[in-house]
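Shown below: model00.txt, with compact mmCIF, C-alpha atoms.
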# COMPACT_ATOMS: atom_id res chain seq x y z
CA MET R 722 107.45 123.63 123.72
CA SER R 723 111.02 124.09 122.56
CA PRO R 724 113.49 121.19 122.62
CA PRO R 725 115.85 121.06 125.60
CA ARG R 726 119.22 122.68 125.15
CA PRO R 727 122.10 120.26 124.62
CA LEU R 728 124.25 119.58 127.65
CA PRO R 729 127.75 121.08 127.61
CA LEU R 730 129.25 117.61 128.12
CA ASP R 731 128.38 114.02 127.32
CA PRO R 732 127.03 112.57 130.59
CA ILE R 733 127.77 109.02 129.41
CA GLU R 734 131.39 109.95 128.74
CA GLU R 735 131.52 111.43 132.25
CA ALA R 736 129.99 108.27 133.72
CA HIS R 737 132.65 106.26 131.84
CA ARG R 738 135.36 108.45 133.37
CA GLN R 739 133.84 107.91 136.82
CA TRP R 740 133.63 104.13 136.27
CA VAL R 741 137.33 104.04 135.39
CA GLY R 742 138.16 106.31 138.34
CA HIS R 743 136.34 104.00 140.73
CA GLY R 744 138.26 100.97 139.56
CA TRP R 745 135.68 99.53 137.19
CA GLY R 746 137.65 100.26 134.02
CA ASP R 747 137.32 96.68 132.79
CA VAL R 748 133.53 97.15 132.45
CA ALA R 749 133.39 100.90 131.72
CA ASP R 750 133.00 100.42 127.95
CA GLY R 751 130.15 97.96 128.49
CA MET R 752 128.41 100.36 130.88
CA ALA R 753 128.78 103.16 128.34
CA ALA R 754 127.49 100.97 125.51
CA VAL R 755 124.40 99.86 127.46
CA THR R 756 123.69 103.37 128.73
CA SER R 757 124.12 104.77 125.21
CA LEU R 758 121.68 102.22 123.80
CA VAL R 759 119.09 103.07 126.44
CA ARG R 760 119.51 106.82 125.81
CA ALA R 761 119.35 106.33 122.03
CA GLN R 762 116.12 104.36 122.48
CA GLN R 763 114.66 107.23 124.52
CA ILE R 764 115.57 109.74 121.80
CA VAL R 765 114.12 107.59 119.02
CA MET R 766 110.92 106.85 120.94
CA ALA R 767 110.37 110.56 121.61
CA ARG R 768 110.57 111.19 117.86
CA VAL R 769 108.25 108.25 117.12
CA ASP R 770 105.73 109.36 119.77
CA GLU R 771 105.73 112.90 118.33
CA ALA R 772 105.09 111.61 114.79
CA LEU R 773 102.31 109.26 115.98
CA LYS R 774 100.61 111.81 118.27
CA PRO R 775 98.11 113.05 115.63
CA THR R 776 96.92 109.48 115.02
CA GLY R 777 96.40 108.64 118.69
CA LEU R 778 98.47 105.48 118.21
CA THR R 779 101.25 104.24 120.44
CA PHE R 780 104.18 102.49 118.77
CA SER R 781 102.97 99.08 119.97
CA ARG R 782 99.53 99.70 118.45
CA TYR R 783 101.15 100.94 115.25
CA GLU R 784 103.37 97.84 115.06
CA LEU R 785 100.39 95.50 115.45
CA LEU R 786 98.38 97.34 112.80
CA MET R 787 101.34 97.20 110.40
CA LEU R 788 101.84 93.50 111.07
CA LEU R 789 98.18 92.87 110.25
CA SER R 790 98.30 95.08 107.17
CA PHE R 791 101.31 93.11 105.88
CA SER R 792 99.58 89.75 106.35
CA LYS R 793 97.93 88.19 103.27
CA THR R 794 94.44 88.20 104.75
CA GLY R 795 94.74 91.15 107.14
CA ALA R 796 94.34 88.75 110.05
CA LEU R 797 96.62 86.70 112.30
CA PRO R 798 96.14 84.45 115.31
CA MET R 799 96.90 86.28 118.55
CA ALA R 800 99.71 83.83 119.37
CA LYS R 801 101.40 84.41 116.01
CA ALA R 802 101.12 88.19 116.42
CA SER R 803 102.70 87.89 119.85
CA ALA R 804 105.60 85.82 118.48
CA ARG R 805 106.24 88.10 115.52
CA LEU R 806 106.15 91.23 117.66
CA GLN R 807 108.34 89.51 120.26
CA VAL R 808 106.08 90.51 123.12
CA HIS R 809 104.21 88.58 125.80
CA PRO R 810 100.70 87.44 124.80
CA THR R 811 99.24 89.64 127.56
CA SER R 812 100.75 92.70 125.87
CA VAL R 813 99.11 91.75 122.57
CA THR R 814 95.78 91.22 124.33
CA ASN R 815 95.99 94.69 125.91
CA THR R 816 96.96 96.26 122.58
CA VAL R 817 94.12 94.46 120.78
CA ASP R 818 91.66 95.60 123.47
CA ARG R 819 92.57 99.23 122.80
CA LEU R 820 92.60 98.86 119.01
CA GLU R 821 89.25 97.04 119.12
CA ALA R 822 87.72 99.79 121.27
CA ALA R 823 88.87 102.28 118.60
CA GLU R 824 87.33 100.03 115.90
CA LEU R 825 90.72 99.55 114.21
CA VAL R 826 90.71 95.75 114.62
CA VAL R 827 88.15 93.06 115.37
CA ARG R 828 88.49 89.66 116.96
CA VAL R 829 87.13 86.84 114.83
CA PRO R 830 86.96 83.09 115.42
CA HIS R 831 89.74 81.08 113.79
CA PRO R 832 88.19 79.11 110.90
CA SER R 833 89.93 75.82 111.72
CA ASP R 834 91.00 76.08 115.37
CA ARG R 835 88.21 76.69 117.90
CA ARG R 836 90.77 77.48 120.60
CA ALA R 837 92.36 80.35 118.63
CA THR R 838 91.17 83.86 117.91
CA LEU R 839 92.22 85.92 114.92
CA ILE R 840 92.90 89.63 115.04
CA GLU R 841 91.69 91.29 111.86
CA ILE R 842 92.44 94.83 110.76
CA THR R 843 89.43 96.95 109.79
CA ASP R 844 89.25 99.41 106.90
CA ALA R 845 89.58 102.23 109.45
CA GLY R 846 92.68 100.51 110.83
CA ARG R 847 94.20 100.27 107.35
CA GLU R 848 93.53 103.95 106.69
CA LEU R 849 94.96 105.09 110.02
CA VAL R 850 98.10 102.94 109.81
CA ALA R 851 98.72 104.21 106.26
CA LEU R 852 98.59 107.82 107.50
CA ALA R 853 100.79 107.00 110.48
CA THR R 854 103.31 105.31 108.17
CA GLU R 855 103.49 108.38 105.96
CA ASP R 856 104.31 110.52 108.99
CA LEU R 857 106.84 108.04 110.41
CA ASN R 858 108.52 107.62 107.03
CA ALA R 859 108.85 111.37 106.53
CA ARG R 860 109.62 112.49 110.09
CA VAL R 861 111.54 109.56 111.60
CA PHE R 862 112.60 106.78 109.25
CA ALA R 863 113.90 109.08 106.47
CA LEU R 864 115.99 110.97 109.02
CA PRO R 865 117.30 108.40 111.50
CA GLY R 866 120.04 110.71 112.74
CA LEU R 867 123.01 109.24 110.87
CA PRO R 868 124.17 109.30 107.23
CA PRO R 869 123.20 106.22 105.17
CA ASP R 870 126.58 104.48 105.40
CA ARG R 871 126.57 104.87 109.19
CA VAL R 872 122.98 103.58 109.35
CA GLN R 873 124.17 100.43 107.55
CA LEU R 874 126.98 100.02 110.09
CA LEU R 875 124.54 100.54 112.96
CA LEU R 876 122.19 97.93 111.47
CA GLN R 877 125.10 95.51 111.17
CA LEU R 878 126.16 96.02 114.78
CA LEU R 879 122.63 95.82 116.16
CA SER R 880 121.88 92.71 114.10
CA GLU R 881 125.03 91.07 115.47
CA PHE R 882 124.08 92.11 119.00
CA ARG R 883 120.51 90.79 118.65
CA HIS R 884 121.67 87.53 117.06
CA THR R 885 124.24 86.95 119.81
CA ALA R 886 121.56 87.65 122.43
CA GLY R 887 119.38 84.91 120.92
CA ASP R 888 116.81 87.30 119.44
CA PHE R 889 116.71 85.27 116.21
CA ASP R 890 118.39 82.26 114.63
CA THR R 891 118.86 82.20 110.88
CA GLU R 892 120.21 78.63 111.04
CA GLY R 893 123.58 79.37 109.45
CA VAL R 894 122.30 81.85 106.85
CA ALA R 895 123.98 85.21 107.34
CA PRO R 896 121.52 87.90 108.48
CA VAL R 897 120.84 90.69 105.96
CA TRP R 898 123.10 93.13 107.79
CA SER R 899 125.83 90.62 108.57
CA ALA R 900 129.45 91.77 108.47
CA GLN R 901 130.10 88.68 106.34
CA GLU R 902 127.94 90.16 103.57
CA ASN R 903 129.40 93.69 103.58
As structure tokens, please, write out the structure in this file.
Amino acid sequence: MSPPRPLPLDPIEEAHRQWVGHGWGDVADGMAAVTSLVRAQQIVMARVDEALKPTGLTFSRYELLMLLSFSKTGALPMAKASARLQVHPTSVTNTVDRLEAAELVVRVPHPSDRRATLIEITDAGRELVALATEDLNARVFALPGLPPDRVQLLLQLLSEFRHTAGDFDTEGVAPVWSAQEN
């Protein structure tokens, strides 16, 4: 299947023009920013999905496997995984169910908390996530769609946006991509 042909105009720019024309000029830039972010996310996710397709992983399953592979023991409590991935515990449970069915993770009792369950990555999970990471690094992360200096600017802006939205709190320490550090 060939990629769709580019449109002869930017539909978000046209929507902005329409917003202004309908008397909503004071919020037209915000509408265009939000719509652009949503469209950019769609473009990026299509590239990620294409790179992950041979592995059978979704991005959420990939993220959980990577989180486990980065942990010292290869295991984390479900609640901690949920917090670190910034998703509802039910989402983690569903993701773990699918990964467990594929024998990429196992649930194990927490050694010191009977109420908690650990998610542990299997050797097969480590192998698959390593292959998926190679593909993502080569096909998506190495080519994010902007030159390196613009990627740094984008990271700075998105970090500021996420911080302002309450996504994280570094307690007065400037985030890595802070404008104060550049």
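Nearest to Asn858 (chain R) of all the residues R:Ala837, R:Trp898, R:Phe791, R:Val769 is R:Val769, based on only C-alpha atoms.
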Excluding region 726-739 of chain R and residues on its chain fewer than 2 positions from it, collect all residues at most 10 Å away from it, counting only C-alpha atoms, and give them as a PDB file with C-alpha atoms, in the coordinates of the input.
ATOM      1  CA  SER R 723     111.020 124.090 122.560  1.00  0.00           C
ATOM      2  CA  PRO R 724     113.490 121.190 122.620  1.00  0.00           C
ATOM      3  CA  VAL R 741     137.330 104.040 135.390  1.00  0.00           C
ATOM      4  CA  GLY R 742     138.160 106.310 138.340  1.00  0.00           C
ATOM      5  CA  HIS R 743     136.340 104.000 140.730  1.00  0.00           C
ATOM      6  CA  GLY R 744     138.260 100.970 139.560  1.00  0.00           C
ATOM      7  CA  TRP R 745     135.680  99.530 137.190  1.00  0.00           C
ATOM      8  CA  GLY R 746     137.650 100.260 134.020  1.00  0.00           C
ATOM      9  CA  VAL R 748     133.530  97.150 132.450  1.00  0.00           C
ATOM     10  CA  ALA R 749     133.390 100.900 131.720  1.00  0.00           C
ATOM     11  CA  ASP R 750     133.000 100.420 127.950  1.00  0.00           C
ATOM     12  CA  GLY R 751     130.150  97.960 128.490  1.00  0.00           C
ATOM     13  CA  MET R 752     128.410 100.360 130.880  1.00  0.00           C
ATOM     14  CA  ALA R 753     128.780 103.160 128.340  1.00  0.00           C
ATOM     15  CA  ALA R 754     127.490 100.970 125.510  1.00  0.00           C
ATOM     16  CA  VAL R 755     124.400  99.860 127.460  1.00  0.00           C
ATOM     17  CA  THR R 756     123.690 103.370 128.730  1.00  0.00           C
ATOM     18  CA  SER R 757     124.120 104.770 125.210  1.00  0.00           C
ATOM     19  CA  ARG R 760     119.510 106.820 125.810  1.00  0.00           C
TER      20      ARG R 760
END
| field | Separation of CA of Asp856 (chain R) from CA of Arg819 (chain R), in Å and rounded to one decimal | value |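 Result for CA of Asp856 (chain R) versus CA of Arg819 (chain R): 21.4 Å, one decimal.
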| query | Residues at most 12 Å from Ala859 (chain R), counting only C-alpha atoms, excluding those fewer than 6 positions away in the same chain, as a list of chain:residue names? | reply | R:Arg768, R:Val769, R:Ala772, R:Leu773, R:Leu852, R:Ala853, R:Pro865
| query | In Å, with one decimal, what is the gap from CA of Lys793 (chain R) to CA of Glu841 (chain R)? | reply | 11.1 Å
| task | Identify the residues around (86.7, 100.4, 117.3) within a radius of 12 Å, measuring from only C-alpha atoms in the coordinates stated by the file, and give them as a ChimeraX atom specification. | result | /R:817-828,841-846,849
| task | Quick one: pull the distance between CA of Asp888 (chain R) and CA of Val759 (chain R), Å, one decimal. | result |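 Taking CA of Asp888 (chain R) as the start and CA of Val759 (chain R) as the end point, the length is 17.4 Å.
Candidate residues R:Ser899, R:Gln807, R:Gln763, R:Ser792 were compared for distance to Gln877 (chain R), and the nearest is R:Ser899, using all atoms listed in the file.
Proximity to Ala761 (chain R) was assessed for R:Pro725, R:Gly866, R:His809, R:Val894 counting all atoms listed in the file; the smallest distance is recorded for R:Gly866.
If you measure from each of R:Glu855, R:Thr838, R:Asp747, R:Met766 to Ser781 (chain R) using all atoms listed in the file, the closest one turns out to be R:Met766.
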| message | Taking only C-alpha atoms into account, name the residue in R:Met787, R:Ala900, R:Val765, R:Leu797 that is nearest to Leu879 (chain R). | response |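 Between R:Met787, R:Ala900, R:Val765, R:Leu797, the residue approaching Leu879 (chain R) most closely is R:Ala900.
Among the candidates R:Leu864, R:Ala802, R:Leu878, R:Leu758, the residue lying nearest to Val897 (chain R) is R:Leu878 (atoms considered: all atoms listed in the file).
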| task | Would you kindly return, as a ChimeraX atom specification, each protein, DNA or RNA residue with an atom no farther than 10 Å from any atom of Pro830 (chain R), considering all atoms listed in the file and excluding same-chain residues fewer than 5 positions away? | result | /R:798,835-840
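Here the selection is built from only C-alpha atoms, and the residues within 12 Å of (107.5, 94.8, 122.4) turn out to be Thr779, Phe780, Ser781, Arg782, Tyr783, Glu784, Leu785, Ala802, Ser803, Ala804, Arg805, Leu806, Gln807, Val808, His809, Pro810, Thr811, Ser812, Val813 and Thr816 of chain R.
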